[in-house]
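Engineer: Can you read through this structure? Questions will come right after.
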Amino acid sequence: MYLSLMKRRQFLHQSAILGFSLTAGGLLVARSGMYHQDSERKIFRILKADGVDVGTLPVMRAFAGNHLDHVSPFVLLDEFGPVDVTPGSDPLRVDAHPHAGVTPTTYFLEGSGHHKDSLDYDFQIAKGDFMLFNSGRGAIHMEESGQQLAENGGLYHGFQIWLNTPSAHKFMAPTTLVHRTTDMAIIDKEEYWIQVVLGELEGAKSAIETLSPAFYYHVKTETDARLDIPTEPSNNVFIYLIKGSLELEGGRALKANELALYQRGDSKLNIYSTEASEFLVLGGEPLDEEVYSYGPFVMNNRAQIDQCMRNYQSGKMGDPDVVNR
């Protein structure tokens with residue numbers, strides 16, 4: 001219905017949606033496997049990510065506009081790569097496309113990326129960097145593998161995870177920010193390593209600000225390590241496993257490219273690594289607002305979506321041909 005109206009440029013279907021307290025002893029409690037606590041978070045469901053292509057880029061998609069009761073304030077999670085890029089090969093690329101009402105975030109585990117948008121931002125993003133493309137009332141961006149990989153080759157691997165924009169800020173002026181690792185906090189222990197990309201944990205606080213409370217932890221654990229991560233009981237929490245194997249609440253196993261969604265109401269997130277593992281822990285305060293989305297537009301009602309469509313077609317979000325150059 002809508003696609004026939006897109007005269008300038010069609011949407012890319014695959015690129016779009018259809019504060020803590022700690023107990024004594026810190027995060028690491030034991031190295032003897034799982035045990036249960038009264039305040040332990042209960043798992044709602046474990047999901048397997050699906051492989052899709054976004055432009056020329058293969059991704060594993062964990063969720064996209066669904067399960068909002070358990071993932072809000074996030075609305076989409078894509079793991080891109082890992083892809084071994086050959087020097088001099090064509091870049092992995094997603095051509096210029098619009099967004100509105102949502103903040104796509106990009107975080108690189110390996111390699112580099114190139115972001116260019118209709119706001120006149122043109123960035124090279126490297127390993128460990130974190131970018132927020134706050135699309136607000138609407139803007140266009142292009143994404144591709146970066147200069148470092150074009151010249152030297154190597155792995156291209158990371159995440160694009162979308163934060164929903166609260167209703168009060170849906171039509172704010174768009175902006176793009178790139179944060180280096182100096183803006184994030186790191187907890188580095190013998191049994192585990194955590195980069196606090198967003199939020200705060202064990203006194204380690206990220207300097208990156210968001211429009212609603214959210215946390216984003218990149219975690220690496222050794223074999224036979226146990227983590228008890230405290231959370232606000234009213235917040236949503238989920239875990240995405242990049243590699244390795246985890247044992248979670250109720251003895252349930254989490255494998256690579258799987259997502260564990262948790263119920264609200266309890267605090268402790270109990271995690272045991274049965275082998276050396278790498279994973280993300282994300283969540284935050286649910287927005288508890290109506291979500292009405294079409295492709296890369298995430299708004300609160302149909303009238304707002306229609307306005308976004310008109311703004312895009314009239315050129316108010318920018319010219320995709322210019323961004324693609």
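Identifiers for the structure tokens are assigned positionally: chains receive A, B, ... in sequence, residues are indexed from 1 per chain, and ligands are indexed from 1 in the order shown.
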Need to verify the contact set: segment 67-84 of chain A, 9 Å, only C-alpha atoms, exclusion of same-chain residues closer than 3 positions in sequence. Can you return it as a PDB file with N, CA and C atoms, in the first residue's frame?

Structural biologist:
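For reference, result-v8.pdb as written:
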```pdb
ATOM      1  N   ALA A  16      14.707  -2.496   8.386  1.00  0.00           N
ATOM      2  CA  ALA A  16      13.776  -1.757   9.209  1.00  0.00           C
ATOM      3  C   ALA A  16      12.923  -2.657  10.081  1.00  0.00           C
ATOM      4  N   ILE A  17      12.100  -2.044  10.880  1.00  0.00           N
ATOM      5  CA  ILE A  17      11.199  -2.737  11.786  1.00  0.00           C
ATOM      6  C   ILE A  17       9.985  -3.207  11.032  1.00  0.00           C
ATOM      7  N   PHE A  44      11.516 -15.130  30.525  1.00  0.00           N
ATOM      8  CA  PHE A  44      10.226 -15.194  29.844  1.00  0.00           C
ATOM      9  C   PHE A  44      10.303 -16.118  28.634  1.00  0.00           C
ATOM     10  N   ALA A  49      18.046 -15.845  16.809  1.00  0.00           N
ATOM     11  CA  ALA A  49      18.133 -14.811  15.789  1.00  0.00           C
ATOM     12  C   ALA A  49      18.065 -15.434  14.399  1.00  0.00           C
ATOM     13  N   LEU A  57      24.911  -6.576   3.204  1.00  0.00           N
ATOM     14  CA  LEU A  57      25.462  -6.967   4.501  1.00  0.00           C
ATOM     15  C   LEU A  57      24.632  -8.080   5.142  1.00  0.00           C
ATOM     16  N   PRO A  58      25.247  -9.220   5.483  1.00  0.00           N
ATOM     17  CA  PRO A  58      24.512 -10.266   6.198  1.00  0.00           C
ATOM     18  C   PRO A  58      24.409  -9.936   7.686  1.00  0.00           C
ATOM     19  N   VAL A  59      23.214 -10.092   8.243  1.00  0.00           N
ATOM     20  CA  VAL A  59      23.009  -9.821   9.663  1.00  0.00           C
ATOM     21  C   VAL A  59      22.236 -10.965  10.305  1.00  0.00           C
ATOM     22  N   MET A  60      22.372 -11.072  11.630  1.00  0.00           N
ATOM     23  CA  MET A  60      21.533 -11.929  12.453  1.00  0.00           C
ATOM     24  C   MET A  60      20.565 -11.013  13.201  1.00  0.00           C
ATOM     25  N   ARG A  61      19.263 -11.189  12.952  1.00  0.00           N
ATOM     26  CA  ARG A  61      18.247 -10.312  13.530  1.00  0.00           C
ATOM     27  C   ARG A  61      17.563 -11.017  14.692  1.00  0.00           C
ATOM     28  N   ALA A  62      17.694 -10.442  15.890  1.00  0.00           N
ATOM     29  CA  ALA A  62      17.109 -11.043  17.093  1.00  0.00           C
ATOM     30  C   ALA A  62      15.660 -10.607  17.308  1.00  0.00           C
ATOM     31  N   PHE A  63      15.364  -9.337  17.046  1.00  0.00           N
ATOM     32  CA  PHE A  63      13.979  -8.858  17.093  1.00  0.00           C
ATOM     33  C   PHE A  63      13.881  -7.575  16.280  1.00  0.00           C
ATOM     34  N   ALA A  64      12.680  -7.282  15.812  1.00  0.00           N
ATOM     35  CA  ALA A  64      12.456  -6.088  14.992  1.00  0.00           C
ATOM     36  C   ALA A  64      11.005  -5.662  15.134  1.00  0.00           C
ATOM     37  N   VAL A 102      13.331   7.347  15.902  1.00  0.00           N
ATOM     38  CA  VAL A 102      14.109   6.249  16.474  1.00  0.00           C
ATOM     39  C   VAL A 102      15.586   6.629  16.437  1.00  0.00           C
ATOM     40  N   PRO A 104      18.945   4.704  15.831  1.00  0.00           N
ATOM     41  CA  PRO A 104      19.820   3.564  15.570  1.00  0.00           C
ATOM     42  C   PRO A 104      21.191   3.799  16.217  1.00  0.00           C
ATOM     43  N   GLU A 110      34.747  -5.452  15.806  1.00  0.00           N
ATOM     44  CA  GLU A 110      35.940  -5.588  14.965  1.00  0.00           C
ATOM     45  C   GLU A 110      35.743  -4.772  13.697  1.00  0.00           C
ATOM     46  N   GLY A 153      41.824  -4.913   4.833  1.00  0.00           N
ATOM     47  CA  GLY A 153      41.025  -6.108   5.039  1.00  0.00           C
ATOM     48  C   GLY A 153      40.880  -6.424   6.518  1.00  0.00           C
ATOM     49  N   GLY A 154      40.162  -7.500   6.815  1.00  0.00           N
ATOM     50  CA  GLY A 154      39.966  -7.930   8.200  1.00  0.00           C
ATOM     51  C   GLY A 154      38.507  -8.178   8.495  1.00  0.00           C
ATOM     52  N   LEU A 155      38.210  -8.448   9.756  1.00  0.00           N
ATOM     53  CA  LEU A 155      36.847  -8.761  10.161  1.00  0.00           C
ATOM     54  C   LEU A 155      35.991  -7.507  10.307  1.00  0.00           C
ATOM     55  N   TYR A 156      34.745  -7.640   9.858  1.00  0.00           N
ATOM     56  CA  TYR A 156      33.729  -6.599  10.004  1.00  0.00           C
ATOM     57  C   TYR A 156      32.638  -7.183  10.886  1.00  0.00           C
ATOM     58  N   HIS A 157      32.478  -6.641  12.105  1.00  0.00           N
ATOM     59  CA  HIS A 157      31.607  -7.294  13.078  1.00  0.00           C
ATOM     60  C   HIS A 157      31.125  -6.277  14.108  1.00  0.00           C
ATOM     61  N   GLY A 158      29.832  -6.264  14.324  1.00  0.00           N
ATOM     62  CA  GLY A 158      29.303  -5.365  15.337  1.00  0.00           C
ATOM     63  C   GLY A 158      27.800  -5.446  15.430  1.00  0.00           C
ATOM     64  N   PHE A 159      27.198  -4.415  15.998  1.00  0.00           N
ATOM     65  CA  PHE A 159      25.760  -4.403  16.260  1.00  0.00           C
ATOM     66  C   PHE A 159      25.140  -3.076  15.842  1.00  0.00           C
ATOM     67  N   GLN A 160      23.969  -3.163  15.236  1.00  0.00           N
ATOM     68  CA  GLN A 160      23.086  -2.009  15.138  1.00  0.00           C
ATOM     69  C   GLN A 160      21.838  -2.336  15.950  1.00  0.00           C
ATOM     70  N   ILE A 161      21.627  -1.534  16.974  1.00  0.00           N
ATOM     71  CA  ILE A 161      20.510  -1.735  17.898  1.00  0.00           C
ATOM     72  C   ILE A 161      19.770  -0.410  18.013  1.00  0.00           C
ATOM     73  N   TRP A 162      18.454  -0.445  17.783  1.00  0.00           N
ATOM     74  CA  TRP A 162      17.670   0.781  17.777  1.00  0.00           C
ATOM     75  C   TRP A 162      17.050   1.048  19.147  1.00  0.00           C
ATOM     76  N   LEU A 163      17.208   2.294  19.599  1.00  0.00           N
ATOM     77  CA  LEU A 163      16.508   2.809  20.775  1.00  0.00           C
ATOM     78  C   LEU A 163      15.281   3.586  20.313  1.00  0.00           C
ATOM     79  N   ASN A 164      14.133   3.260  20.867  1.00  0.00           N
ATOM     80  CA  ASN A 164      12.939   4.026  20.552  1.00  0.00           C
ATOM     81  C   ASN A 164      13.048   5.421  21.168  1.00  0.00           C
ATOM     82  N   THR A 165      12.523   6.399  20.477  1.00  0.00           N
ATOM     83  CA  THR A 165      12.533   7.772  20.961  1.00  0.00           C
ATOM     84  C   THR A 165      11.241   8.057  21.715  1.00  0.00           C
ATOM     85  N   PRO A 166      11.313   8.578  22.941  1.00  0.00           N
ATOM     86  CA  PRO A 166      10.087   8.910  23.676  1.00  0.00           C
ATOM     87  C   PRO A 166       9.211   9.863  22.883  1.00  0.00           C
ATOM     88  N   SER A 212      15.999   8.369  27.244  1.00  0.00           N
ATOM     89  CA  SER A 212      15.299   7.666  28.315  1.00  0.00           C
ATOM     90  C   SER A 212      16.295   6.711  28.966  1.00  0.00           C
ATOM     91  N   PRO A 213      16.077   6.309  30.220  1.00  0.00           N
ATOM     92  CA  PRO A 213      17.044   5.465  30.910  1.00  0.00           C
ATOM     93  C   PRO A 213      17.238   4.125  30.209  1.00  0.00           C
ATOM     94  N   ALA A 214      18.495   3.789  29.898  1.00  0.00           N
ATOM     95  CA  ALA A 214      18.829   2.541  29.226  1.00  0.00           C
ATOM     96  C   ALA A 214      20.231   2.113  29.639  1.00  0.00           C
ATOM     97  N   ASN A 235      12.633  -2.474  35.333  1.00  0.00           N
ATOM     98  CA  ASN A 235      13.232  -2.332  34.009  1.00  0.00           C
ATOM     99  C   ASN A 235      13.135  -3.627  33.205  1.00  0.00           C
ATOM    100  N   ASN A 236      13.130  -3.507  31.894  1.00  0.00           N
ATOM    101  CA  ASN A 236      13.311  -4.657  31.029  1.00  0.00           C
ATOM    102  C   ASN A 236      14.785  -5.031  30.960  1.00  0.00           C
ATOM    103  N   VAL A 237      15.054  -6.333  30.767  1.00  0.00           N
ATOM    104  CA  VAL A 237      16.418  -6.831  30.626  1.00  0.00           C
ATOM    105  C   VAL A 237      16.421  -7.972  29.617  1.00  0.00           C
ATOM    106  N   PHE A 238      17.449  -8.008  28.760  1.00  0.00           N
ATOM    107  CA  PHE A 238      17.637  -9.164  27.884  1.00  0.00           C
ATOM    108  C   PHE A 238      19.125  -9.365  27.618  1.00  0.00           C
ATOM    109  N   ILE A 242      26.871 -13.667  21.874  1.00  0.00           N
ATOM    110  CA  ILE A 242      27.662 -13.553  20.653  1.00  0.00           C
ATOM    111  C   ILE A 242      28.411 -14.848  20.388  1.00  0.00           C
ATOM    112  N   ASN A 257      24.011 -16.566  19.167  1.00  0.00           N
ATOM    113  CA  ASN A 257      22.926 -15.991  18.356  1.00  0.00           C
ATOM    114  C   ASN A 257      21.548 -16.241  18.957  1.00  0.00           C
ATOM    115  N   LEU A 261      14.966 -13.245  26.945  1.00  0.00           N
ATOM    116  CA  LEU A 261      14.126 -12.162  27.429  1.00  0.00           C
ATOM    117  C   LEU A 261      13.705 -12.466  28.863  1.00  0.00           C
ATOM    118  N   TYR A 262      13.768 -11.470  29.732  1.00  0.00           N
ATOM    119  CA  TYR A 262      13.470 -11.678  31.152  1.00  0.00           C
ATOM    120  C   TYR A 262      12.170 -10.983  31.554  1.00  0.00           C
ATOM    121  N   GLN A 263      11.513 -11.552  32.541  1.00  0.00           N
ATOM    122  CA  GLN A 263      10.339 -10.929  33.142  1.00  0.00           C
ATOM    123  C   GLN A 263      10.785  -9.802  34.074  1.00  0.00           C
ATOM    124  N   ARG A 264       9.901  -8.856  34.280  1.00  0.00           N
ATOM    125  CA  ARG A 264      10.155  -7.812  35.276  1.00  0.00           C
ATOM    126  C   ARG A 264       9.711  -8.318  36.652  1.00  0.00           C
ATOM    127  N   LEU A 282      21.375  -5.862  27.881  1.00  0.00           N
ATOM    128  CA  LEU A 282      20.724  -4.591  27.573  1.00  0.00           C
ATOM    129  C   LEU A 282      19.377  -4.490  28.277  1.00  0.00           C
ATOM    130  N   GLY A 283      18.889  -3.258  28.373  1.00  0.00           N
ATOM    131  CA  GLY A 283      17.578  -3.040  28.950  1.00  0.00           C
ATOM    132  C   GLY A 283      17.393  -1.592  29.339  1.00  0.00           C
ATOM    133  N   GLY A 284      16.369  -1.368  30.120  1.00  0.00           N
ATOM    134  CA  GLY A 284      16.099  -0.013  30.569  1.00  0.00           C
ATOM    135  C   GLY A 284      14.651   0.149  30.974  1.00  0.00           C
ATOM    136  N   GLU A 285      14.286   1.392  31.165  1.00  0.00           N
ATOM    137  CA  GLU A 285      12.928   1.714  31.594  1.00  0.00           C
ATOM    138  C   GLU A 285      11.975   1.619  30.409  1.00  0.00           C
ATOM    139  N   PRO A 286      10.947   0.763  30.474  1.00  0.00           N
ATOM    140  CA  PRO A 286      10.005   0.659  29.351  1.00  0.00           C
ATOM    141  C   PRO A 286       9.315   2.003  29.100  1.00  0.00           C
ATOM    142  N   LEU A 287       9.138   2.336  27.831  1.00  0.00           N
ATOM    143  CA  LEU A 287       8.502   3.625  27.517  1.00  0.00           C
ATOM    144  C   LEU A 287       7.009   3.611  27.806  1.00  0.00           C
ATOM    145  N   ASP A 288       6.370   2.434  27.710  1.00  0.00           N
ATOM    146  CA  ASP A 288       4.941   2.320  28.001  1.00  0.00           C
ATOM    147  C   ASP A 288       4.137   3.314  27.171  1.00  0.00           C
ATOM    148  N   VAL A 291       3.262   2.205  20.080  1.00  0.00           N
ATOM    149  CA  VAL A 291       4.271   2.151  19.016  1.00  0.00           C
ATOM    150  C   VAL A 291       3.562   1.854  17.706  1.00  0.00           C
ATOM    151  N   VAL A 298       9.417   5.027  13.309  1.00  0.00           N
ATOM    152  CA  VAL A 298       8.856   4.473  14.549  1.00  0.00           C
ATOM    153  C   VAL A 298       8.193   5.616  15.305  1.00  0.00           C
TER     154      VAL A 298
END
```

Engineer: So that I can see what lies close to Lys268 of chain A, please list as a list of chain:residue names the residues with an atom at most 8 Å from it, counting only C-alpha atoms and leaving out residues fewer than 4 positions away in the same chain.

Structural biologist: A:Ser39, A:Glu40, A:Arg41, A:Asp228, A:Ile229, A:Pro230, A:Thr231

Engineer: Hey, can you spit out that residue selection with C-alpha atoms as a short mmCIF file (atom, residue, chain, number, x, y, z; two decimals), in the first residue's frame?

Structural biologist:
```cif
data_model
loop_
_atom_site.label_atom_id
_atom_site.label_comp_id
_atom_site.auth_asym_id
_atom_site.auth_seq_id
_atom_site.Cartn_x
_atom_site.Cartn_y
_atom_site.Cartn_z
CA SER A 39 15.52 -12.17 43.90
CA GLU A 40 16.60 -13.94 40.71
CA ARG A 41 15.13 -12.66 37.42
CA ASP A 228 25.19 -11.72 39.40
CA ILE A 229 24.20 -8.43 37.76
CA PRO A 230 21.76 -6.28 39.76
CA THR A 231 18.99 -4.51 37.84
#
```

Engineer: Using only C-alpha atoms for the distances, tell me which of A:Ile271, A:Val94, A:Met184, A:Ala253 is nearest to Ile140 of chain A.

Structural biologist: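 Closest candidate: A:Val94.
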
Engineer: Using only C-alpha atoms, which of the listed residues (A:Thr182, A:Leu149, A:Val52, A:Pro98) sits closest to Thr86 of chain A?

Structural biologist: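 Checking each of A:Thr182, A:Leu149, A:Val52, A:Pro98 against Thr86 of chain A, counting only C-alpha atoms, the winner is A:Leu149.
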
Engineer: Hey, what does DSSP flag as strand (DSSP E) within segment 24-229 of chain A? Can you give it to me as an NGL selection string?

Structural biologist: :A and (43-48 or 50-54 or 57-64 or 74-85 or 93-99 or 102-110 or 112-117 or 122-126 or 130-134 or 139-145 or 154-164 or 175-179 or 185-188 or 192-198 or 200-201 or 204-205 or 214-221 or 225-229)

Engineer: Export, as a short mmCIF file (atom, residue, chain, number, x, y, z; two decimals), in the first residue's frame, the selected residues with C-alpha atoms.

Structural biologist:
```cif
data_model
loop_
_atom_site.label_atom_id
_atom_site.label_comp_id
_atom_site.auth_asym_id
_atom_site.auth_seq_id
_atom_site.Cartn_x
_atom_site.Cartn_y
_atom_site.Cartn_z
CA ILE A 43 13.29 -15.93 31.96
CA PHE A 44 10.23 -15.19 29.84
CA ARG A 45 11.44 -16.70 26.58
CA ILE A 46 14.57 -17.63 24.60
CA LEU A 47 14.63 -16.65 20.92
CA LYS A 48 16.92 -17.63 18.05
CA ASP A 50 17.34 -15.15 12.06
CA GLY A 51 19.77 -14.51 9.22
CA VAL A 52 18.76 -11.76 6.78
CA ASP A 53 20.54 -9.56 4.24
CA VAL A 54 20.48 -5.78 4.66
CA LEU A 57 25.46 -6.97 4.50
CA PRO A 58 24.51 -10.27 6.20
CA VAL A 59 23.01 -9.82 9.66
CA MET A 60 21.53 -11.93 12.45
CA ARG A 61 18.25 -10.31 13.53
CA ALA A 62 17.11 -11.04 17.09
CA PHE A 63 13.98 -8.86 17.09
CA ALA A 64 12.46 -6.09 14.99
CA PHE A 74 14.88 -0.93 22.41
CA VAL A 75 12.98 -1.88 19.25
CA LEU A 76 15.47 -3.72 16.98
CA LEU A 77 18.65 -5.77 17.42
CA ASP A 78 20.90 -6.75 14.49
CA GLU A 79 24.33 -8.37 14.71
CA PHE A 80 26.21 -7.64 11.48
CA GLY A 81 28.97 -10.04 10.46
CA PRO A 82 31.45 -11.30 11.28
CA VAL A 83 32.52 -11.00 7.65
CA ASP A 84 36.15 -11.42 6.54
CA VAL A 85 36.73 -8.50 4.17
CA ARG A 93 26.95 -1.36 2.06
CA VAL A 94 23.43 -0.24 2.89
CA ASP A 95 22.43 2.58 0.55
CA ALA A 96 20.93 5.83 1.82
CA HIS A 97 17.61 5.35 3.59
CA PRO A 98 15.49 7.43 5.99
CA HIS A 99 14.69 7.14 9.69
CA VAL A 102 14.11 6.25 16.47
CA THR A 103 17.82 6.27 17.36
CA PRO A 104 19.82 3.56 15.57
CA THR A 105 23.00 2.87 17.57
CA THR A 106 26.07 1.21 16.05
CA TYR A 107 28.82 -0.51 18.04
CA PHE A 108 31.89 -2.13 16.48
CA LEU A 109 33.49 -5.29 17.88
CA GLU A 110 35.94 -5.59 14.96
CA SER A 112 35.55 -0.18 10.85
CA GLY A 113 32.54 1.48 9.31
CA HIS A 114 31.67 4.57 7.30
CA HIS A 115 28.56 6.61 8.10
CA LYS A 116 27.35 9.50 5.95
CA ASP A 117 24.05 11.33 6.40
CA ASP A 122 30.64 11.90 7.48
CA PHE A 123 32.38 9.56 9.98
CA GLN A 124 34.79 6.65 10.03
CA ILE A 125 33.87 4.46 13.01
CA ALA A 126 36.36 1.98 14.47
CA PHE A 130 29.57 3.77 19.59
CA MET A 131 27.41 5.93 17.33
CA LEU A 132 23.92 7.30 17.92
CA PHE A 133 21.96 8.48 14.88
CA ASN A 134 19.09 10.32 16.55
CA ALA A 139 17.01 12.21 8.33
CA ILE A 140 18.76 9.95 5.81
CA HIS A 141 21.96 7.97 6.24
CA MET A 142 24.20 5.54 4.36
CA GLU A 143 26.27 2.79 6.03
CA GLU A 144 29.18 0.75 4.68
CA SER A 145 32.39 -0.95 5.73
CA GLY A 154 39.97 -7.93 8.20
CA LEU A 155 36.85 -8.76 10.16
CA TYR A 156 33.73 -6.60 10.00
CA HIS A 157 31.61 -7.29 13.08
CA GLY A 158 29.30 -5.37 15.34
CA PHE A 159 25.76 -4.40 16.26
CA GLN A 160 23.09 -2.01 15.14
CA ILE A 161 20.51 -1.74 17.90
CA TRP A 162 17.67 0.78 17.78
CA LEU A 163 16.51 2.81 20.77
CA ASN A 164 12.94 4.03 20.55
CA THR A 175 21.66 14.74 15.16
CA THR A 176 24.52 12.24 14.95
CA LEU A 177 27.10 11.58 17.66
CA VAL A 178 30.12 9.26 17.69
CA HIS A 179 31.55 8.27 21.07
CA ALA A 185 33.56 2.79 31.48
CA ILE A 186 35.37 -0.54 31.79
CA ILE A 187 35.32 -3.11 34.59
CA ASP A 188 38.35 -5.37 34.16
CA TYR A 192 35.36 -11.09 33.45
CA TRP A 193 35.59 -7.86 31.44
CA ILE A 194 32.68 -5.46 30.98
CA GLN A 195 32.47 -2.33 28.85
CA VAL A 196 29.64 -0.13 30.12
CA VAL A 197 28.48 1.40 26.85
CA LEU A 198 25.35 2.94 28.38
CA GLU A 200 26.10 2.39 35.18
CA LEU A 201 27.36 -0.78 36.86
CA ALA A 204 31.46 2.37 36.47
CA LYS A 205 29.37 4.91 34.57
CA ALA A 214 18.83 2.54 29.23
CA PHE A 215 21.84 0.31 29.83
CA TYR A 216 24.09 -1.57 27.41
CA TYR A 217 26.89 -3.82 28.71
CA HIS A 218 29.41 -5.66 26.53
CA VAL A 219 30.61 -8.63 28.60
CA LYS A 220 33.40 -11.20 28.20
CA THR A 221 33.79 -14.02 30.73
CA ALA A 225 32.71 -17.74 35.81
CA ARG A 226 29.58 -16.63 37.65
CA LEU A 227 28.07 -13.13 37.38
CA ASP A 228 25.19 -11.72 39.40
CA ILE A 229 24.20 -8.43 37.76
#
```

Engineer: Do a neighbour search on Ala173 of chain A at 12 Å with only C-alpha atoms, toss out local chain neighbours closer than 5 positions, and write the hits as a list of chain:residue names.

Structural biologist: A:Ala100, A:Gly101, A:Leu119, A:Phe133, A:Asn134, A:Ser135, A:Gly136, A:Arg137, A:Gly138, A:Ala139, A:Lys316, A:Met317

Engineer: I need the chosen residues saved as an mmCIF file, in the first residue's frame, with N, CA and C atoms.

Structural biologist:
```cif
data_model
loop_
_atom_site.group_PDB
_atom_site.id
_atom_site.type_symbol
_atom_site.label_atom_id
_atom_site.label_comp_id
_atom_site.auth_asym_id
_atom_site.auth_seq_id
_atom_site.Cartn_x
_atom_site.Cartn_y
_atom_site.Cartn_z
ATOM 1 N N ALA A 100 13.028 8.042 11.185
ATOM 2 C CA ALA A 100 12.370 9.072 11.982
ATOM 3 C C ALA A 100 11.845 8.430 13.257
ATOM 4 N N GLY A 101 11.926 9.169 14.365
ATOM 5 C CA GLY A 101 11.344 8.716 15.622
ATOM 6 C C GLY A 101 12.106 7.615 16.327
ATOM 7 N N LEU A 119 22.663 15.171 7.366
ATOM 8 C CA LEU A 119 22.961 16.234 8.324
ATOM 9 C C LEU A 119 24.380 16.759 8.146
ATOM 10 N N PHE A 133 22.574 7.709 15.958
ATOM 11 C CA PHE A 133 21.964 8.481 14.879
ATOM 12 C C PHE A 133 20.545 8.808 15.318
ATOM 13 N N ASN A 134 20.402 9.922 16.040
ATOM 14 C CA ASN A 134 19.088 10.316 16.552
ATOM 15 C C ASN A 134 18.318 10.969 15.417
ATOM 16 N N SER A 135 17.427 10.193 14.798
ATOM 17 C CA SER A 135 16.778 10.652 13.576
ATOM 18 C C SER A 135 15.699 11.698 13.817
ATOM 19 N N GLY A 136 15.162 11.788 15.049
ATOM 20 C CA GLY A 136 14.181 12.814 15.352
ATOM 21 C C GLY A 136 13.056 12.871 14.331
ATOM 22 N N ARG A 137 12.814 14.082 13.785
ATOM 23 C CA ARG A 137 11.719 14.261 12.827
ATOM 24 C C ARG A 137 12.044 13.702 11.446
ATOM 25 N N GLY A 138 13.307 13.269 11.251
ATOM 26 C CA GLY A 138 13.625 12.593 10.010
ATOM 27 C C GLY A 138 14.953 12.989 9.413
ATOM 28 N N ALA A 139 15.736 11.994 9.004
ATOM 29 C CA ALA A 139 17.011 12.212 8.330
ATOM 30 C C ALA A 139 17.360 10.940 7.564
ATOM 31 N N LYS A 316 12.274 16.858 2.680
ATOM 32 C CA LYS A 316 12.596 17.508 3.952
ATOM 33 C C LYS A 316 13.603 16.720 4.782
ATOM 34 N N MET A 317 13.738 15.425 4.522
ATOM 35 C CA MET A 317 14.726 14.618 5.254
ATOM 36 C C MET A 317 16.080 14.592 4.559
#
```

Engineer: Please, what distance in Å, to one decimal, runs between atom CA of Ala256 of chain A and atom CA of Gly244 of chain A?

Structural biologist: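 One can read the atom CA of Ala256 of chain A to atom CA of Gly244 of chain A distance as 6.3 Å.
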
Engineer: So how far away is atom CA of Asn66 of chain A from atom CA of Arg302 of chain A, in Å?

Structural biologist: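 Computing it gives 17.7 Å between the two atoms.
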
Engineer: Counting only C-alpha atoms, figure out which residue out of A:Arg310, A:Lys127, A:Lys42, A:His169 gets nearest to Gly265 of chain A.

Structural biologist: A:Lys42
